file target_18.pdb (PDB, C-alpha atoms)
MODEL        1
ATOM      1  CA  MET Q 226      12.990  -5.661  51.474
ATOM      2  CA  ALA Q 227      12.934  -9.171  50.032
ATOM      3  CA  THR Q 228      16.193 -10.393  48.595
ATOM      4  CA  LYS Q 229      16.347 -11.725  45.052
ATOM      5  CA  SER Q 230      18.227 -14.719  43.775
ATOM      6  CA  VAL Q 231      20.983 -14.450  41.215
ATOM      7  CA  GLN Q 232      18.591 -15.992  38.675
ATOM      8  CA  ASP Q 233      16.066 -13.193  39.328
ATOM      9  CA  LEU Q 234      18.706 -10.483  39.088
ATOM     10  CA  VAL Q 235      20.473 -11.783  35.994
ATOM     11  CA  VAL Q 236      17.824 -13.002  33.575
ATOM     12  CA  PRO Q 237      19.311 -14.881  30.589
ATOM     13  CA  VAL Q 238      19.535 -12.770  27.437
ATOM     14  CA  GLY Q 239      18.704 -15.675  25.148
ATOM     15  CA  VAL Q 240      20.410 -17.340  22.192
ATOM     16  CA  THR Q 241      22.116 -14.895  19.839
ATOM     17  CA  LEU Q 242      22.096 -15.415  16.090
ATOM     18  CA  ASP Q 243      25.859 -16.008  16.066
ATOM     19  CA  ARG Q 244      25.595 -18.678  18.743
ATOM     20  CA  PHE Q 245      22.627 -20.324  17.013
ATOM     21  CA  ILE Q 246      24.518 -20.447  13.710
ATOM     22  CA  MET Q 247      27.577 -21.888  15.396
ATOM     23  CA  HIS Q 248      25.574 -24.614  17.146
ATOM     24  CA  SER Q 249      23.616 -25.400  13.963
ATOM     25  CA  GLN Q 250      26.580 -25.443  11.608
ATOM     26  CA  SER Q 251      26.996 -29.204  11.822
ATOM     27  CA  ALA Q 252      23.566 -29.577  10.201
ATOM     28  CA  PHE Q 253      24.607 -27.586   7.101
ATOM     29  CA  PRO Q 254      25.313 -29.668   3.999
ATOM     30  CA  TYR Q 255      28.580 -27.751   3.538
ATOM     31  CA  ALA Q 256      29.657 -27.171   7.145
ATOM     32  CA  THR Q 257      32.944 -25.408   6.503
ATOM     33  CA  GLY Q 258      32.006 -22.012   7.935
ATOM     34  CA  GLU Q 259      31.428 -20.041   4.739
ATOM     35  CA  LEU Q 260      27.629 -20.221   4.864
ATOM     36  CA  SER Q 261      27.697 -19.274   8.537
ATOM     37  CA  GLN Q 262      29.742 -16.192   7.687
ATOM     38  CA  LEU Q 263      27.399 -15.332   4.823
ATOM     39  CA  LEU Q 264      24.393 -15.388   7.142
ATOM     40  CA  ARG Q 265      26.259 -13.104   9.540
ATOM     41  CA  ASP Q 266      26.979 -10.709   6.654
ATOM     42  CA  ILE Q 267      23.272 -10.585   5.808
ATOM     43  CA  ALA Q 268      22.462  -9.944   9.468
ATOM     44  CA  LEU Q 269      24.980  -7.088   9.529
ATOM     45  CA  ALA Q 270      23.366  -5.499   6.479
ATOM     46  CA  GLY Q 271      20.004  -5.834   8.230
ATOM     47  CA  LYS Q 272      21.318  -4.042  11.316
ATOM     48  CA  ILE Q 273      22.641  -1.164   9.234
ATOM     49  CA  ILE Q 274      19.427  -0.854   7.213
ATOM     50  CA  ASN Q 275      17.438  -0.957  10.467
ATOM     51  CA  ARG Q 276      19.445   2.054  11.622
ATOM     52  CA  GLU Q 277      18.842   3.897   8.348
ATOM     53  CA  ILE Q 278      15.103   3.236   8.514
ATOM     54  CA  ASN Q 279      14.859   4.401  12.115
ATOM     55  CA  ARG Q 280      16.394   7.754  11.238
ATOM     56  CA  ALA Q 281      14.610   8.157   7.900
ATOM     57  CA  GLY Q 282      12.383  10.906   9.275
ATOM     58  CA  LEU Q 283      15.358  12.824  10.671
ATOM     59  CA  VAL Q 284      17.574  12.928   7.606
ATOM     60  CA  ASP Q 285      16.798  13.273   3.910
ATOM     61  CA  ILE Q 286      16.536   9.588   2.962
ATOM     62  CA  ALA Q 287      12.755   9.163   2.925
ATOM     63  CA  GLY Q 288      10.515   9.595  -0.105
ATOM     64  CA  GLY Q 289      11.131   9.149  -3.811
ATOM     65  CA  ASN Q 290      14.472   9.663  -5.492
ATOM     66  CA  GLY Q 291      13.086  10.713  -8.876
ATOM     67  CA  THR Q 292      14.653   7.690 -10.590
ATOM     68  CA  GLU Q 293      13.467   4.304 -11.834
ATOM     69  CA  ASN Q 294      14.970   0.858 -11.316
ATOM     70  CA  VAL Q 295      15.418  -1.772 -14.016
ATOM     71  CA  GLN Q 296      11.793  -2.819 -13.490
ATOM     72  CA  GLY Q 297      10.574   0.638 -14.499
ATOM     73  CA  GLU Q 298       9.407   1.297 -10.948
ATOM     74  CA  ASP Q 299       9.953   4.540  -9.057
ATOM     75  CA  GLN Q 300      12.907   4.199  -6.706
ATOM     76  CA  GLN Q 301      12.679   5.368  -3.139
ATOM     77  CA  LYS Q 302      15.820   6.809  -1.606
ATOM     78  CA  LEU Q 303      15.890   3.928   0.837
ATOM     79  CA  ASP Q 304      15.787   1.411  -2.045
ATOM     80  CA  ILE Q 305      19.134   2.776  -3.164
ATOM     81  CA  VAL Q 306      20.529   2.925   0.371
ATOM     82  CA  ALA Q 307      19.518  -0.664   1.159
ATOM     83  CA  ASN Q 308      20.910  -1.934  -2.138
ATOM     84  CA  VAL Q 309      24.306  -0.369  -1.448
ATOM     85  CA  ARG Q 310      24.356  -1.599   2.161
ATOM     86  CA  PHE Q 311      23.709  -5.205   1.154
ATOM     87  CA  ILE Q 312      26.231  -5.127  -1.683
ATOM     88  CA  ARG Q 313      28.923  -3.711   0.589
ATOM     89  CA  ALA Q 314      28.250  -6.237   3.365
ATOM     90  CA  LEU Q 315      28.334  -9.181   0.953
ATOM     91  CA  LYS Q 316      31.430  -7.937  -0.874
ATOM     92  CA  ASN Q 317      33.335  -7.304   2.339
ATOM     93  CA  GLY Q 318      32.251 -10.634   3.834
ATOM     94  CA  GLY Q 319      34.086 -12.433   1.044
ATOM     95  CA  GLU Q 320      31.834 -15.506   0.721
ATOM     96  CA  VAL Q 321      29.691 -14.306  -2.209
ATOM     97  CA  CYS Q 322      31.058 -14.207  -5.749
ATOM     98  CA  ALA Q 323      28.028 -12.468  -7.295
ATOM     99  CA  ILE Q 324      24.737 -10.791  -6.399
ATOM    100  CA  LEU Q 325      21.444 -10.361  -8.236
ATOM    101  CA  SER Q 326      19.395  -7.399  -7.021
ATOM    102  CA  GLU Q 327      15.977  -6.045  -7.906
ATOM    103  CA  GLU Q 328      17.620  -2.645  -8.286
ATOM    104  CA  GLU Q 329      20.220  -3.725 -10.863
ATOM    105  CA  GLU Q 330      19.745  -5.072 -14.385
ATOM    106  CA  ASP Q 331      22.734  -7.413 -14.493
ATOM    107  CA  ILE Q 332      24.802  -9.571 -12.172
ATOM    108  CA  ILE Q 333      26.878  -7.651  -9.631
ATOM    109  CA  HIS Q 334      30.319  -9.250  -9.470
ATOM    110  CA  THR Q 335      31.906  -8.837  -6.040
ATOM    111  CA  GLY Q 336      35.461  -9.634  -7.089
ATOM    112  CA  ASN Q 337      35.458 -12.582  -4.662
ATOM    113  CA  ASN Q 338      35.819 -15.237  -7.355
ATOM    114  CA  HIS Q 339      36.817 -17.787  -4.736
ATOM    115  CA  GLY Q 340      33.388 -17.385  -3.112
ATOM    116  CA  LYS Q 341      31.189 -20.473  -3.163
ATOM    117  CA  TYR Q 342      27.832 -18.690  -3.073
ATOM    118  CA  VAL Q 343      25.593 -16.326  -5.009
ATOM    119  CA  VAL Q 344      22.784 -14.270  -3.502
ATOM    120  CA  ALA Q 345      19.574 -13.029  -5.132
ATOM    121  CA  MET Q 346      17.856 -10.260  -3.183
ATOM    122  CA  ASP Q 347      15.185  -7.627  -2.966
ATOM    123  CA  PRO Q 348      17.058  -5.140  -0.762
ATOM    124  CA  LEU Q 349      13.956  -3.310   0.426
ATOM    125  CA  ASP Q 350      10.450  -4.463  -0.471
ATOM    126  CA  GLY Q 351       7.562  -2.070   0.174
ATOM    127  CA  SER Q 352       9.837   0.929   0.696
ATOM    128  CA  SER Q 353       7.108   3.409  -0.281
ATOM    129  CA  ASN Q 354       5.495   2.509   3.059
ATOM    130  CA  ILE Q 355       8.370   4.201   4.902
ATOM    131  CA  ASP Q 356       6.657   7.590   4.594
ATOM    132  CA  VAL Q 357       3.648   6.301   6.552
ATOM    133  CA  ASN Q 358       5.622   4.170   9.052
ATOM    134  CA  VAL Q 359       4.363   0.786   7.814
ATOM    135  CA  SER Q 360       6.412  -2.417   8.009
ATOM    136  CA  ILE Q 361       8.792  -3.191   5.136
ATOM    137  CA  GLY Q 362      11.366  -5.897   4.528
ATOM    138  CA  SER Q 363      14.433  -7.317   2.786
ATOM    139  CA  ILE Q 364      14.279 -10.708   1.038
ATOM    140  CA  PHE Q 365      17.226 -12.959   0.180
ATOM    141  CA  SER Q 366      17.927 -16.271  -1.507
ATOM    142  CA  ILE Q 367      21.234 -18.178  -1.360
ATOM    143  CA  TYR Q 368      22.599 -20.691  -3.873
ATOM    144  CA  ARG Q 369      25.805 -22.664  -3.952
ATOM    145  CA  ARG Q 370      27.436 -21.678  -7.249
ATOM    146  CA  ILE Q 371      27.751 -24.275  -9.994
ATOM    147  CA  THR Q 372      30.397 -22.521 -12.097
ATOM    148  CA  PRO Q 373      34.069 -23.233 -11.343
ATOM    149  CA  ILE Q 374      35.591 -21.642  -8.250
ATOM    150  CA  ASN Q 375      38.094 -18.802  -8.909
ATOM    151  CA  GLY Q 376      36.251 -17.773 -12.061
ATOM    152  CA  PRO Q 377      33.419 -15.259 -12.474
ATOM    153  CA  ALA Q 378      29.837 -16.279 -11.758
ATOM    154  CA  SER Q 379      27.385 -16.489 -14.630
ATOM    155  CA  MET Q 380      23.684 -16.527 -15.407
ATOM    156  CA  GLU Q 381      23.421 -20.264 -14.746
ATOM    157  CA  ASP Q 382      24.404 -19.788 -11.101
ATOM    158  CA  PHE Q 383      21.215 -17.801 -10.536
ATOM    159  CA  LEU Q 384      18.879 -19.824 -12.754
ATOM    160  CA  GLN Q 385      19.207 -23.139 -10.914
ATOM    161  CA  GLY Q 386      15.572 -23.135  -9.792
ATOM    162  CA  GLY Q 387      13.859 -22.752  -6.436
ATOM    163  CA  ARG Q 388      14.562 -26.304  -5.282
ATOM    164  CA  LYS Q 389      18.299 -25.590  -5.437
ATOM    165  CA  GLN Q 390      18.196 -22.853  -2.801
ATOM    166  CA  ILE Q 391      20.340 -23.832   0.164
ATOM    167  CA  ALA Q 392      19.028 -21.015   2.360
ATOM    168  CA  ALA Q 393      16.537 -18.182   2.153
ATOM    169  CA  GLY Q 394      14.865 -15.679   4.400
ATOM    170  CA  TYR Q 395      13.861 -12.112   5.053
ATOM    171  CA  ILE Q 396      14.359  -9.240   7.455
ATOM    172  CA  LEU Q 397      11.203  -7.502   8.638
ATOM    173  CA  TYR Q 398      11.491  -3.886   9.790
ATOM    174  CA  GLY Q 399       8.402  -3.129  11.865
ATOM    175  CA  SER Q 400       7.483  -2.546  15.499
ATOM    176  CA  SER Q 401      10.550  -4.716  16.017
ATOM    177  CA  THR Q 402      13.129  -5.886  13.495
ATOM    178  CA  MET Q 403      13.214  -9.621  12.816
ATOM    179  CA  LEU Q 404      15.465 -11.890  10.789
ATOM    180  CA  VAL Q 405      13.690 -15.069   9.663
ATOM    181  CA  TYR Q 406      15.562 -17.733   7.717
ATOM    182  CA  SER Q 407      15.873 -21.404   6.907
ATOM    183  CA  THR Q 408      18.760 -23.542   5.715
ATOM    184  CA  GLY Q 409      16.317 -26.328   4.891
ATOM    185  CA  ASP Q 410      15.825 -27.698   8.399
ATOM    186  CA  GLY Q 411      12.941 -25.697   9.858
ATOM    187  CA  VAL Q 412      12.390 -21.948  10.068
ATOM    188  CA  ASN Q 413      13.655 -19.773  12.910
ATOM    189  CA  GLY Q 414      13.114 -16.108  13.738
ATOM    190  CA  PHE Q 415      15.424 -13.708  15.548
ATOM    191  CA  THR Q 416      14.365 -10.352  17.011
ATOM    192  CA  PHE Q 417      16.867  -7.497  17.042
ATOM    193  CA  ASP Q 418      17.735  -6.225  20.522
ATOM    194  CA  GLN Q 419      18.671  -2.587  19.942
ATOM    195  CA  SER Q 420      20.420  -2.251  23.299
ATOM    196  CA  LEU Q 421      22.729  -5.207  22.639
ATOM    197  CA  GLY Q 422      23.024  -4.813  18.876
ATOM    198  CA  GLU Q 423      22.254  -8.523  18.534
ATOM    199  CA  PHE Q 424      19.586 -10.688  16.911
ATOM    200  CA  ILE Q 425      18.130 -12.950  19.626
ATOM    201  CA  LEU Q 426      16.261 -16.206  18.927
ATOM    202  CA  SER Q 427      12.596 -15.389  19.577
ATOM    203  CA  HIS Q 428      10.620 -17.729  17.288
ATOM    204  CA  LYS Q 429      12.010 -21.258  17.238
ATOM    205  CA  ASN Q 430      10.848 -23.809  14.681
ATOM    206  CA  ILE Q 431       8.073 -21.667  13.227
ATOM    207  CA  GLY Q 432       5.125 -23.656  11.942
ATOM    208  CA  THR Q 433       2.475 -22.237   9.642
ATOM    209  CA  PRO Q 434      -1.063 -23.259  10.692
ATOM    210  CA  ALA Q 435      -2.629 -25.579   8.103
ATOM    211  CA  GLU Q 436      -5.737 -23.380   7.991
ATOM    212  CA  GLY Q 437      -6.479 -19.765   8.810
ATOM    213  CA  LYS Q 438      -9.005 -16.940   8.719
ATOM    214  CA  ILE Q 439      -6.972 -14.192   7.039
ATOM    215  CA  TYR Q 440      -6.763 -13.312   3.347
ATOM    216  CA  SER Q 441      -4.413 -10.650   2.019
ATOM    217  CA  VAL Q 442      -5.011  -9.235  -1.450
ATOM    218  CA  ASN Q 443      -5.325  -5.843  -3.132
ATOM    219  CA  GLU Q 444      -9.065  -5.854  -3.764
ATOM    220  CA  GLY Q 445      -8.748  -2.626  -5.730
ATOM    221  CA  HIS Q 446      -7.795  -4.824  -8.706
ATOM    222  CA  TYR Q 447     -10.621  -7.322  -8.106
ATOM    223  CA  HIS Q 448     -12.257  -6.896 -11.510
ATOM    224  CA  SER Q 449      -8.923  -7.502 -13.264
ATOM    225  CA  TYR Q 450      -8.236 -10.804 -11.500
ATOM    226  CA  PRO Q 451      -8.881 -14.230 -13.075
ATOM    227  CA  PRO Q 452     -12.370 -15.627 -12.369
ATOM    228  CA  PHE Q 453     -11.066 -18.329  -9.996
ATOM    229  CA  VAL Q 454      -9.469 -15.640  -7.816
ATOM    230  CA  GLN Q 455     -12.641 -13.551  -7.798
ATOM    231  CA  GLN Q 456     -14.572 -16.643  -6.739
ATOM    232  CA  TYR Q 457     -12.095 -17.376  -3.963
ATOM    233  CA  ILE Q 458     -12.272 -13.811  -2.609
ATOM    234  CA  ALA Q 459     -16.065 -14.066  -2.557
ATOM    235  CA  GLN Q 460     -15.724 -17.365  -0.721
ATOM    236  CA  CYS Q 461     -13.460 -15.727   1.894
ATOM    237  CA  LYS Q 462     -16.139 -13.120   2.523
ATOM    238  CA  THR Q 463     -18.911 -15.702   2.954
ATOM    239  CA  ARG Q 464     -16.661 -17.603   5.386
ATOM    240  CA  ASN Q 465     -16.205 -14.401   7.427
ATOM    241  CA  PHE Q 466     -12.454 -14.270   6.895
ATOM    242  CA  SER Q 467     -10.594 -11.131   7.964
ATOM    243  CA  ALA Q 468      -9.094  -9.005   5.174
ATOM    244  CA  ARG Q 469      -5.580  -7.881   6.079
ATOM    245  CA  TYR Q 470      -3.427  -6.213   3.419
ATOM    246  CA  ILE Q 471      -0.809  -3.516   4.021
ATOM    247  CA  GLY Q 472       0.950  -3.548   0.651
ATOM    248  CA  SER Q 473       4.165  -4.912   2.128
ATOM    249  CA  LEU Q 474       4.916  -8.443   0.908
ATOM    250  CA  VAL Q 475       7.165  -9.368   3.840
ATOM    251  CA  GLY Q 476       4.807  -7.898   6.431
ATOM    252  CA  ASP Q 477       1.722  -9.610   5.017
ATOM    253  CA  PHE Q 478       3.528 -12.937   4.562
ATOM    254  CA  HIS Q 479       5.017 -12.852   8.069
ATOM    255  CA  ARG Q 480       1.660 -12.228   9.734
ATOM    256  CA  ASN Q 481      -0.053 -15.010   7.818
ATOM    257  CA  MET Q 482       2.777 -17.454   8.485
ATOM    258  CA  LEU Q 483       2.406 -16.934  12.232
ATOM    259  CA  LYS Q 484      -1.380 -16.652  12.467
ATOM    260  CA  GLY Q 485      -2.616 -18.681   9.517
ATOM    261  CA  GLY Q 486      -3.777 -17.087   6.295
ATOM    262  CA  ILE Q 487      -3.121 -16.634   2.606
ATOM    263  CA  TYR Q 488      -1.452 -13.913   0.572
ATOM    264  CA  LEU Q 489      -2.598 -13.514  -3.033
ATOM    265  CA  TYR Q 490      -0.865 -11.541  -5.766
ATOM    266  CA  PRO Q 491      -2.638 -12.791  -8.925
ATOM    267  CA  SER Q 492      -1.996 -12.012 -12.535
ATOM    268  CA  THR Q 493      -4.086  -9.162 -13.958
ATOM    269  CA  LYS Q 494      -5.118  -7.963 -17.385
ATOM    270  CA  LYS Q 495      -2.297  -5.415 -17.187
ATOM    271  CA  ASP Q 496       0.273  -7.943 -15.887
ATOM    272  CA  PRO Q 497      -0.780 -11.352 -17.288
ATOM    273  CA  LYS Q 498       2.452 -12.989 -16.086
ATOM    274  CA  GLY Q 499       2.119 -11.580 -12.577
ATOM    275  CA  LYS Q 500       4.131  -8.790 -11.022
ATOM    276  CA  LEU Q 501       6.249 -10.275  -8.228
ATOM    277  CA  ARG Q 502       9.771 -11.323  -9.151
ATOM    278  CA  LEU Q 503      10.366 -15.061  -9.166
ATOM    279  CA  LEU Q 504      14.025 -15.305  -8.157
ATOM    280  CA  TYR Q 505      14.225 -12.892  -5.242
ATOM    281  CA  GLU Q 506      10.640 -12.564  -3.987
ATOM    282  CA  CYS Q 507       8.636 -15.697  -4.833
ATOM    283  CA  TYR Q 508      11.373 -18.341  -4.535
ATOM    284  CA  PRO Q 509      12.730 -17.348  -1.109
ATOM    285  CA  LEU Q 510       9.308 -16.853   0.482
ATOM    286  CA  ALA Q 511       8.084 -20.121  -1.048
ATOM    287  CA  PHE Q 512      11.138 -21.839   0.465
ATOM    288  CA  ILE Q 513      10.270 -20.409   3.886
ATOM    289  CA  ALA Q 514       6.595 -21.316   3.438
ATOM    290  CA  GLU Q 515       7.330 -24.963   2.606
ATOM    291  CA  LYS Q 516       9.899 -25.355   5.392
ATOM    292  CA  SER Q 517       7.336 -24.051   7.896
ATOM    293  CA  GLY Q 518       4.564 -26.369   6.660
ATOM    294  CA  GLY Q 519       2.830 -23.964   4.291
ATOM    295  CA  LYS Q 520       2.537 -23.879   0.509
ATOM    296  CA  ALA Q 521       3.245 -21.514  -2.377
ATOM    297  CA  SER Q 522       1.728 -21.742  -5.861
ATOM    298  CA  ASP Q 523       1.517 -19.750  -9.071
ATOM    299  CA  GLY Q 524      -2.035 -21.045  -9.540
ATOM    300  CA  PHE Q 525      -0.945 -24.187 -11.376
ATOM    301  CA  GLY Q 526       1.802 -25.793  -9.317
ATOM    302  CA  SER Q 527       4.457 -25.162  -6.695
ATOM    303  CA  ILE Q 528       6.407 -21.940  -7.105
ATOM    304  CA  LEU Q 529       9.600 -23.869  -6.402
ATOM    305  CA  ASP Q 530       9.010 -26.103  -9.435
ATOM    306  CA  ILE Q 531       8.869 -23.229 -11.935
ATOM    307  CA  VAL Q 532      11.826 -23.371 -14.324
ATOM    308  CA  PRO Q 533      13.455 -19.917 -14.357
ATOM    309  CA  GLU Q 534      14.300 -18.332 -17.691
ATOM    310  CA  SER Q 535      15.491 -14.821 -16.852
ATOM    311  CA  PHE Q 536      16.842 -12.790 -13.937
ATOM    312  CA  HIS Q 537      13.821 -10.561 -13.412
ATOM    313  CA  GLN Q 538      11.118 -13.060 -14.370
ATOM    314  CA  ARG Q 539       7.700 -12.435 -12.820
ATOM    315  CA  SER Q 540       5.050 -14.756 -11.429
ATOM    316  CA  PRO Q 541       1.671 -14.760  -9.727
ATOM    317  CA  LEU Q 542       1.870 -15.843  -6.078
ATOM    318  CA  TYR Q 543      -0.553 -17.603  -3.727
ATOM    319  CA  ILE Q 544       1.220 -18.369  -0.473
ATOM    320  CA  GLY Q 545       0.452 -19.249   3.138
ATOM    321  CA  SER Q 546      -1.480 -21.936   4.988
ATOM    322  CA  ALA Q 547      -1.519 -25.187   2.993
ATOM    323  CA  GLY Q 548      -5.291 -25.664   3.194
ATOM    324  CA  LEU Q 549      -6.022 -22.138   1.968
ATOM    325  CA  VAL Q 550      -3.553 -22.358  -0.921
ATOM    326  CA  ASP Q 551      -5.134 -25.656  -1.964
ATOM    327  CA  ASP Q 552      -8.566 -24.006  -1.861
ATOM    328  CA  VAL Q 553      -7.665 -21.152  -4.196
ATOM    329  CA  VAL Q 554      -5.732 -23.315  -6.650
ATOM    330  CA  LYS Q 555      -8.565 -25.855  -6.829
ATOM    331  CA  GLY Q 556     -11.008 -22.989  -7.234
TER
ENDMDL
END

call {"tool": "encode", "arguments": {"input": "target_18.pdb", "output": "structure tokens"}}
result
Amino acid sequence: MATKSVQDLVVPVGVTLDRFIMHSQSAFPYATGELSQLLRDIALAGKIINREINRAGLVDIAGGNGTENVQGEDQQKLDIVANVRFIRALKNGGEVCAILSEEEEDIIHTGNNHGKYVVAMDPLDGSSNIDVNVSIGSIFSIYRRITPINGPASMEDFLQGGRKQIAAGYILYGSSTMLVYSTGDGVNGFTFDQSLGEFILSHKNIGTPAEGKIYSVNEGHYHSYPPFVQQYIAQCKTRNFSARYIGSLVGDFHRNMLKGGIYLYPSTKKDPKGKLRLLYECYPLAFIAEKSGGKASDGFGSILDIVPESFHQRSPLYIGSAGLVDDVVKG
């Protein structure tokens, strides 16, 4: 029997999220440790939600809850579970003074008035897909507060605008669970190793291809879309693009970011202002898109340049490969 070297027997595990954050901390604008801890708190919430999702079919936390959120949308049981898990993790972490969630109408004050950060989040996007085992995700956006430390946060802390985000990202729960985030210097992805209970660096310096052959849109609403969107969809068909749409914003965005493509969620006759939420869906994904070389538009300009007016403001979204976003906006 051939002998094996130590290197063959003990293959390196890889770079853990904690180690990556520690080594990268010097690049943070405010490298005092608080943001590093906040990212760890988000990762912890992701681990717990990953566990809840994996056992959703074994305990009674799948399906609808018979309630509506502030948006007037039917809540899934896992929407409520994920919301609570994130709030607890961020409260207990101590770095966040306030949270804005899709599931809550008003600001959630954590009691940590000394905290330097606020977080806007969609705790679980696409949760109705749980029942059919399709990928879903959590989306988060981080701001450095502008109100005085040791006092309560206010509306202005959350309405700073997309360009003021200091970090943003998402957690994708699919065939594997991934945490993808950026603090402004590139985009990195970490895959959750269940056996170790750790996120391991798996996608370093993610770059979105400038072009692509994938378009993701709900064509069931085709006749309600603006003419320029209808024309673009027709153009995609004549160019033999592949249609890929699973009804999970994070899943569709993640695929297109890696492979090259565009995700479209236009305004409709029913929702003339769009349906996706600006602060905790469009802003953070637009931040990730731009930091990976892609683009995000509302059809008129960059998503990140939209001036926010309210917590649950909505917007159309065209996001993905820069060349494809330019094509649809010009169209």

call {"tool": "resolve_selection", "arguments": {"input": "target_18.pdb", "expression": "the PyMOL selection byres ((chain Q and resi 445) around 12)", "output": "JSON, numbers by chain"}}
result
{"Q": [441, 442, 443, 444, 446, 447, 448, 449, 450, 455, 470, 472, 490, 493]}

call {"tool": "resolve_selection", "arguments": {"input": "target_18.pdb", "expression": "the PyMOL selection byres ((chain Q and resi 264-281) around 9)", "output": "NGL selection string"}}
result
:Q and (242-243 or 246 or 259-263 or 282-287 or 303 or 306-307 or 310-315 or 317-318 or 355-356 or 363 or 365 or 396-398 or 402 or 404 or 417 or 422-424)

call {"tool": "resolve_selection", "arguments": {"input": "target_18.pdb", "expression": "the PyMOL selection byres ((chain Q and resi 502) around 12)", "output": "ChimeraX atom specification"}}
result
/Q:296,325-328,345-347,350,364,474,490,498-501,503-510,523,528,533-542

call {"tool": "atom_distance", "arguments": {"input": "target_18.pdb", "atom1": "CA of Ile487 (chain Q)", "atom2": "CA of Asp418 (chain Q)"}}
result
29.4 Å

call {"tool": "residues_around", "arguments": {"input": "target_18.pdb", "residues": "Gly409 (chain Q)", "least_positions_apart": "4", "cutoff": "12 Å", "atoms": "all atoms listed in the file", "output": "PDB file with C-alpha atoms, in the frame of the given file"}}
result
ATOM      1  CA  SER Q 249      23.616 -25.400  13.963  1.00  0.00           C
ATOM      2  CA  ALA Q 252      23.566 -29.577  10.201  1.00  0.00           C
ATOM      3  CA  PHE Q 253      24.607 -27.586   7.101  1.00  0.00           C
ATOM      4  CA  PRO Q 254      25.313 -29.668   3.999  1.00  0.00           C
ATOM      5  CA  ILE Q 367      21.234 -18.178  -1.360  1.00  0.00           C
ATOM      6  CA  ARG Q 388      14.562 -26.304  -5.282  1.00  0.00           C
ATOM      7  CA  LYS Q 389      18.299 -25.590  -5.437  1.00  0.00           C
ATOM      8  CA  GLN Q 390      18.196 -22.853  -2.801  1.00  0.00           C
ATOM      9  CA  ILE Q 391      20.340 -23.832   0.164  1.00  0.00           C
ATOM     10  CA  ALA Q 392      19.028 -21.015   2.360  1.00  0.00           C
ATOM     11  CA  ALA Q 393      16.537 -18.182   2.153  1.00  0.00           C
ATOM     12  CA  GLY Q 394      14.865 -15.679   4.400  1.00  0.00           C
ATOM     13  CA  ASN Q 413      13.655 -19.773  12.910  1.00  0.00           C
ATOM     14  CA  ASN Q 430      10.848 -23.809  14.681  1.00  0.00           C
ATOM     15  CA  PRO Q 509      12.730 -17.348  -1.109  1.00  0.00           C
ATOM     16  CA  ALA Q 511       8.084 -20.121  -1.048  1.00  0.00           C
ATOM     17  CA  PHE Q 512      11.138 -21.839   0.465  1.00  0.00           C
ATOM     18  CA  ILE Q 513      10.270 -20.409   3.886  1.00  0.00           C
ATOM     19  CA  ALA Q 514       6.595 -21.316   3.438  1.00  0.00           C
ATOM     20  CA  GLU Q 515       7.330 -24.963   2.606  1.00  0.00           C
ATOM     21  CA  LYS Q 516       9.899 -25.355   5.392  1.00  0.00           C
ATOM     22  CA  SER Q 517       7.336 -24.051   7.896  1.00  0.00           C
ATOM     23  CA  GLY Q 518       4.564 -26.369   6.660  1.00  0.00           C
TER      24      GLY Q 518
END

call {"tool": "atom_distance", "arguments": {"input": "target_18.pdb", "atom1": "CA of Glu329 (chain Q)", "atom2": "CA of Ser473 (chain Q)"}}
result
20.7 Å

call {"tool": "axis_aligned_box", "arguments": {"input": "target_18.pdb", "around": "region 392-397 of chain Q", "padding_each_side": "5 Å", "output": "AutoDock Vina command-line options"}}
result
--center_x 15.1 --center_y -14.3 --center_z 5.4 --size_x 17.8 --size_y 23.5 --size_z 16.5

call {"tool": "residues_around", "arguments": {"input": "target_18.pdb", "residues": "region 378-385 of chain Q", "least_positions_apart": "5", "cutoff": "7 Å", "atoms": "all atoms listed in the file", "output": "mmCIF file with C-alpha atoms, in the coordinates of the input"}}
result
data_model
loop_
_atom_site.group_PDB
_atom_site.id
_atom_site.type_symbol
_atom_site.label_atom_id
_atom_site.label_comp_id
_atom_site.auth_asym_id
_atom_site.auth_seq_id
_atom_site.Cartn_x
_atom_site.Cartn_y
_atom_site.Cartn_z
ATOM 1 C CA CYS Q 322 31.058 -14.207 -5.749
ATOM 2 C CA ALA Q 323 28.028 -12.468 -7.295
ATOM 3 C CA ARG Q 370 27.436 -21.678 -7.249
ATOM 4 C CA ILE Q 371 27.751 -24.275 -9.994
ATOM 5 C CA THR Q 372 30.397 -22.521 -12.097
ATOM 6 C CA PRO Q 533 13.455 -19.917 -14.357
ATOM 7 C CA GLU Q 534 14.300 -18.332 -17.691
#

call {"tool": "atom_distance", "arguments": {"input": "target_18.pdb", "atom1": "CA of Ile324 (chain Q)", "atom2": "CA of Val309 (chain Q)"}}
result
11.5 Å

call {"tool": "closest_residue", "arguments": {"input": "target_18.pdb", "among": "Q:Asp530, Q:Phe453, Q:Ala547, Q:Gln250", "to": "Thr433 (chain Q)", "atoms": "all atoms listed in the file"}}
result
Q:Ala547

call {"tool": "closest_residue", "arguments": {"input": "target_18.pdb", "among": "Q:Gly437, Q:Gly362, Q:Gly432, Q:Pro452", "to": "Ser467 (chain Q)", "atoms": "all atoms listed in the file"}}
result
Q:Gly437

call {"tool": "closest_residue", "arguments": {"input": "target_18.pdb", "among": "Q:Gly336, Q:Tyr395, Q:Lys429, Q:Asp304", "to": "Gly411 (chain Q)", "atoms": "all atoms listed in the file"}}
result
Q:Lys429

call {"tool": "residues_near_point", "arguments": {"input": "target_18.pdb", "point": "(16.9, -11.4, 16.9)", "cutoff": "6 Å", "atoms": "all atoms listed in the file", "output": "list in words"}}
result
Met403, Phe415, Thr416, Phe417, Phe424, Ile425 and Leu426 of chain Q
